[in-house]
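Text of start.cif, listed as mmCIF, C-alpha atoms:
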data_my_file
#
loop_
_atom_site.label_atom_id
_atom_site.label_comp_id
_atom_site.auth_asym_id
_atom_site.auth_seq_id
_atom_site.Cartn_x
_atom_site.Cartn_y
_atom_site.Cartn_z
CA MET A 1 -45.02 154.36 296.85
CA SER A 2 -48.56 153.38 296.00
CA LYS A 3 -51.61 155.36 297.04
CA ILE A 4 -54.68 153.31 297.81
CA PHE A 5 -58.10 154.75 298.59
CA ARG A 6 -59.82 152.77 301.35
CA THR A 7 -63.38 152.83 302.64
CA ASP A 8 -65.79 150.42 304.34
CA ARG A 9 -69.38 149.50 303.61
CA GLU A 10 -71.79 147.43 305.69
CA LEU A 11 -73.94 145.01 303.72
CA ARG A 12 -77.51 146.03 304.31
CA PHE A 13 -80.69 144.00 303.98
CA GLY A 14 -81.40 145.44 300.51
CA ASP A 15 -77.94 144.37 299.28
CA CYS A 16 -78.71 140.69 299.84
CA ASP A 17 -80.96 137.95 298.51
CA ILE A 18 -83.46 136.01 300.62
CA SER A 19 -80.69 133.79 302.05
CA GLY A 20 -78.77 136.84 303.31
CA THR A 21 -76.05 136.48 300.67
CA ALA A 22 -74.82 139.62 298.93
CA TYR A 23 -76.49 140.00 295.55
CA PHE A 24 -74.01 140.88 292.79
CA PRO A 25 -76.04 143.77 291.27
CA ALA A 26 -75.97 145.40 294.72
CA TYR A 27 -72.19 144.89 294.78
CA LEU A 28 -71.95 146.97 291.61
CA ASN A 29 -74.11 149.71 293.08
CA ILE A 30 -71.90 149.76 296.18
CA LEU A 31 -68.79 149.85 293.96
CA ASN A 32 -70.23 152.87 292.16
CA GLY A 33 -70.67 154.59 295.54
CA VAL A 34 -67.04 153.82 296.39
CA ASN A 35 -65.98 155.43 293.11
CA GLU A 36 -68.09 158.48 293.88
CA GLU A 37 -66.46 158.74 297.32
CA TYR A 38 -62.98 158.44 295.73
CA TRP A 39 -63.64 161.28 293.30
CA ALA A 40 -64.86 163.51 296.15
CA HIS A 41 -61.78 162.53 298.17
CA ILE A 42 -59.44 163.71 295.39
CA GLY A 43 -61.31 167.00 295.00
CA TYR A 44 -63.79 166.31 292.20
CA PRO A 45 -67.18 165.50 293.73
CA TRP A 46 -69.56 164.17 291.12
CA HIS A 47 -72.31 166.65 292.01
CA ASP A 48 -69.91 169.45 291.07
CA ILE A 49 -68.38 168.03 287.90
CA ILE A 50 -71.71 166.76 286.61
CA TRP A 51 -73.85 169.85 287.27
CA ASN A 52 -71.28 172.65 286.99
CA GLU A 53 -68.52 171.41 284.69
CA ARG A 54 -70.71 169.05 282.60
CA TRP A 55 -68.36 166.07 282.44
CA GLY A 56 -68.63 162.66 284.01
CA THR A 57 -66.84 159.34 284.44
CA PRO A 58 -68.97 156.53 283.00
CA THR A 59 -67.77 152.95 283.18
CA VAL A 60 -66.74 151.63 279.76
CA HIS A 61 -65.38 148.27 280.92
CA LEU A 62 -65.83 146.21 284.07
CA SER A 63 -64.65 142.76 285.05
CA CYS A 64 -65.24 141.10 288.40
CA ASP A 65 -64.02 137.93 290.07
CA PHE A 66 -66.00 136.71 293.07
CA SER A 67 -64.08 134.35 295.34
CA LYS A 68 -66.22 133.98 298.49
CA PRO A 69 -69.75 135.03 299.40
CA SER A 70 -70.52 137.93 301.70
CA PHE A 71 -73.50 138.16 304.02
CA PHE A 72 -76.01 140.63 305.44
CA GLY A 73 -74.49 142.63 308.31
CA GLU A 74 -70.84 142.09 307.35
CA THR A 75 -68.58 145.08 306.81
CA LEU A 76 -66.64 144.99 303.57
CA SER A 77 -63.40 146.90 303.10
CA PHE A 78 -62.89 148.41 299.65
CA GLU A 79 -59.47 149.31 298.29
CA LEU A 80 -59.15 151.28 295.06
CA GLY A 81 -55.91 151.75 293.15
CA VAL A 82 -55.21 153.60 289.90
CA VAL A 83 -53.15 151.47 287.49
CA LYS A 84 -53.38 153.31 284.16
CA ILE A 85 -54.23 156.80 282.99
CA GLY A 86 -54.98 157.50 279.35
CA LYS A 87 -55.85 160.71 277.55
CA SER A 88 -59.52 160.19 278.43
CA SER A 89 -59.58 156.88 280.30
CA LEU A 90 -58.68 155.60 283.74
CA THR A 91 -58.11 151.98 284.77
CA ILE A 92 -58.67 151.20 288.41
CA ARG A 93 -58.38 148.00 290.43
CA HIS A 94 -60.63 147.20 293.35
CA ARG A 95 -60.00 144.68 296.11
CA ILE A 96 -62.87 143.92 298.44
CA SER A 97 -62.38 141.97 301.65
CA CYS A 98 -64.06 141.17 304.93
CA GLY A 99 -61.44 141.12 307.63
CA PRO A 100 -58.47 139.16 306.28
CA GLN A 101 -60.58 137.28 303.72
CA MET A 102 -60.70 138.43 300.08
CA ARG A 103 -64.28 138.39 298.79
CA TRP A 104 -64.01 139.79 295.27
CA LYS A 105 -61.92 141.98 293.01
CA SER A 106 -62.57 144.08 289.98
CA THR A 107 -60.88 145.94 287.17
CA GLN A 108 -62.77 148.94 285.89
CA VAL A 109 -62.16 151.43 283.10
CA LEU A 110 -63.76 154.86 283.36
CA ALA A 111 -63.81 157.47 280.61
CA ALA A 112 -63.98 161.23 280.79
CA SER A 113 -67.19 162.15 279.01
CA ASP A 114 -68.82 165.37 277.85
CA LEU A 115 -72.32 165.04 279.28
CA ASP A 116 -73.94 167.25 276.66
CA LYS A 117 -72.30 165.81 273.55
CA HIS A 118 -72.07 162.24 274.91
CA THR A 119 -68.52 161.87 273.66
CA SER A 120 -65.23 161.14 275.36
CA VAL A 121 -63.00 164.10 276.18
CA ALA A 122 -59.47 164.47 277.48
CA TRP A 123 -59.11 164.71 281.23
CA PRO A 124 -58.92 168.35 282.30
CA ASP A 125 -55.26 169.16 283.02
CA GLU A 126 -55.71 169.55 286.77
CA VAL A 127 -57.64 166.27 286.97
CA ALA A 128 -54.90 164.46 285.00
CA ARG A 129 -52.27 165.84 287.40
CA THR A 130 -54.28 164.71 290.43
CA LEU A 131 -54.80 161.24 288.97
CA GLN A 132 -51.05 160.96 288.27
CA GLU A 133 -50.45 161.39 292.01
CA TRP A 134 -52.53 158.22 292.56
CA LEU A 135 -50.89 156.11 289.83
CA SER A 136 -49.37 152.82 291.00
CA THR A 137 -48.20 149.65 289.34
CA GLU A 138 -50.23 146.51 289.92
CA ASP A 139 -47.18 145.07 291.71
CA GLU A 140 -47.12 148.05 294.09
CA LEU A 141 -50.82 147.61 294.84
CA GLY A 142 -50.51 143.91 295.47
CA PHE A 143 -53.86 143.26 293.84
#
Render the structure in this file as structure tokens.
Amino acid sequence: MSKIFRTDRELRFGDCDISGTAYFPAYLNILNGVNEEYWAHIGYPWHDIIWNERWGTPTVHLSCDFSKPSFFGETLSFELGVVKIGKSSLTIRHRISCGPQMRWKSTQVLAASDLDKHTSVAWPDEVARTLQEWLSTEDELGF
């Protein structure tokens, strides 16, 4: 059975262009906040792993498909699913909708990184075990 992390975000004035349409760089900033919330949800808040354990999860690949525009004041629902776990990488899929309407989707690869040496590192064992609990196939996720 798939595990999907879900959270909502309201599009604020600063997330949109002059016409009130969501501006894609703001989308990516919001997506980063969703990732940060996910890591805290699974027990690894970024403020702890970055400052105390000295590892992080930078994005090494990102692809996005935008299907419909979103507008100032709308609430977007974000769904995050883990589809692949490597020795030091993690592939996640995002589906973003407003009500029943899909707005955009994304595939993102994160890497475990030593923040002092600026190199990739293997996931700590306990992190790898936690991520395995979230692993789903793309078919199970439905996105």
Check your understanding: Evaluating the PyMOL selection byres ((chain A and resi 39-46) around 12) on the displayed file yields which residues, as a VMD selection string?
Key -> chain A and resid 3 to 7 32 to 38 47 to 58 80 82 110 124 126 to 134
**Study point:** Point-to-point distance from atom CA of A:Thr75 to atom CA of A:Ala22, Å rounded to tenths
**Key:** 11.4 Å
Point to revise | Å distance separating atom CA of A:Gly20 from atom CA of A:Phe78, one decimal place | key: 20.0 Å
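Between atom CA of A:Ser77 and atom CA of A:Asp65 there is a distance of 15.8 Å.
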Suppose a student applies the PyMOL selection byres ((chain A and resi 16) around 10) to this structure; what residues should they get, written as a JSON list (two decimals) with C-alpha atoms, keeping the file's coordinate frame?
[["chain", "number", "residue", "atom", "x", "y", "z"],
["A", 11, "LEU", "CA", -73.94, 145.01, 303.72],
["A", 12, "ARG", "CA", -77.51, 146.03, 304.31],
["A", 13, "PHE", "CA", -80.69, 144.00, 303.98],
["A", 14, "GLY", "CA", -81.40, 145.44, 300.51],
["A", 15, "ASP", "CA", -77.94, 144.37, 299.28],
["A", 17, "ASP", "CA", -80.96, 137.95, 298.51],
["A", 18, "ILE", "CA", -83.46, 136.01, 300.62],
["A", 19, "SER", "CA", -80.69, 133.79, 302.05],
["A", 20, "GLY", "CA", -78.77, 136.84, 303.31],
["A", 21, "THR", "CA", -76.05, 136.48, 300.67],
["A", 22, "ALA", "CA", -74.82, 139.62, 298.93],
["A", 23, "TYR", "CA", -76.49, 140.00, 295.55],
["A", 24, "PHE", "CA", -74.01, 140.88, 292.79],
["A", 25, "PRO", "CA", -76.04, 143.77, 291.27],
["A", 26, "ALA", "CA", -75.97, 145.40, 294.72],
["A", 27, "TYR", "CA", -72.19, 144.89, 294.78],
["A", 70, "SER", "CA", -70.52, 137.93, 301.70],
["A", 71, "PHE", "CA", -73.50, 138.16, 304.02],
["A", 72, "PHE", "CA", -76.01, 140.63, 305.44],
["A", 73, "GLY", "CA", -74.49, 142.63, 308.31]]
Practice item. Just give me the residues with any atom within 7 Å of (-60.0, 161.4, 280.1), file coordinates, counting all atoms listed in the file, written as a VMD selection string. Key: chain A and resid 86 to 90 111 to 112 121 to 123
Exercise for review: Would you translate the PyMOL selection byres ((chain A and resi 97) around 9) into the concrete set of residues it matches in this file, as a PyMOL selection string?
Suggested key: chain A and resi 75-79+95-96+98-105
Exercise for review: Could you give me, as a VMD selection string, the residues that have an atom at most 9 Å away from the point (-51.3, 150.3, 291.2) in the coordinates of the file, using only C-alpha atoms?
Suggested key: chain A and resid 2 to 4 80 to 84 92 to 93 134 to 143
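The closest residue to A:Ile85, picked from A:Pro69, A:Gln108, A:Ser63, A:Lys117 and counting only C-alpha atoms, is A:Gln108.
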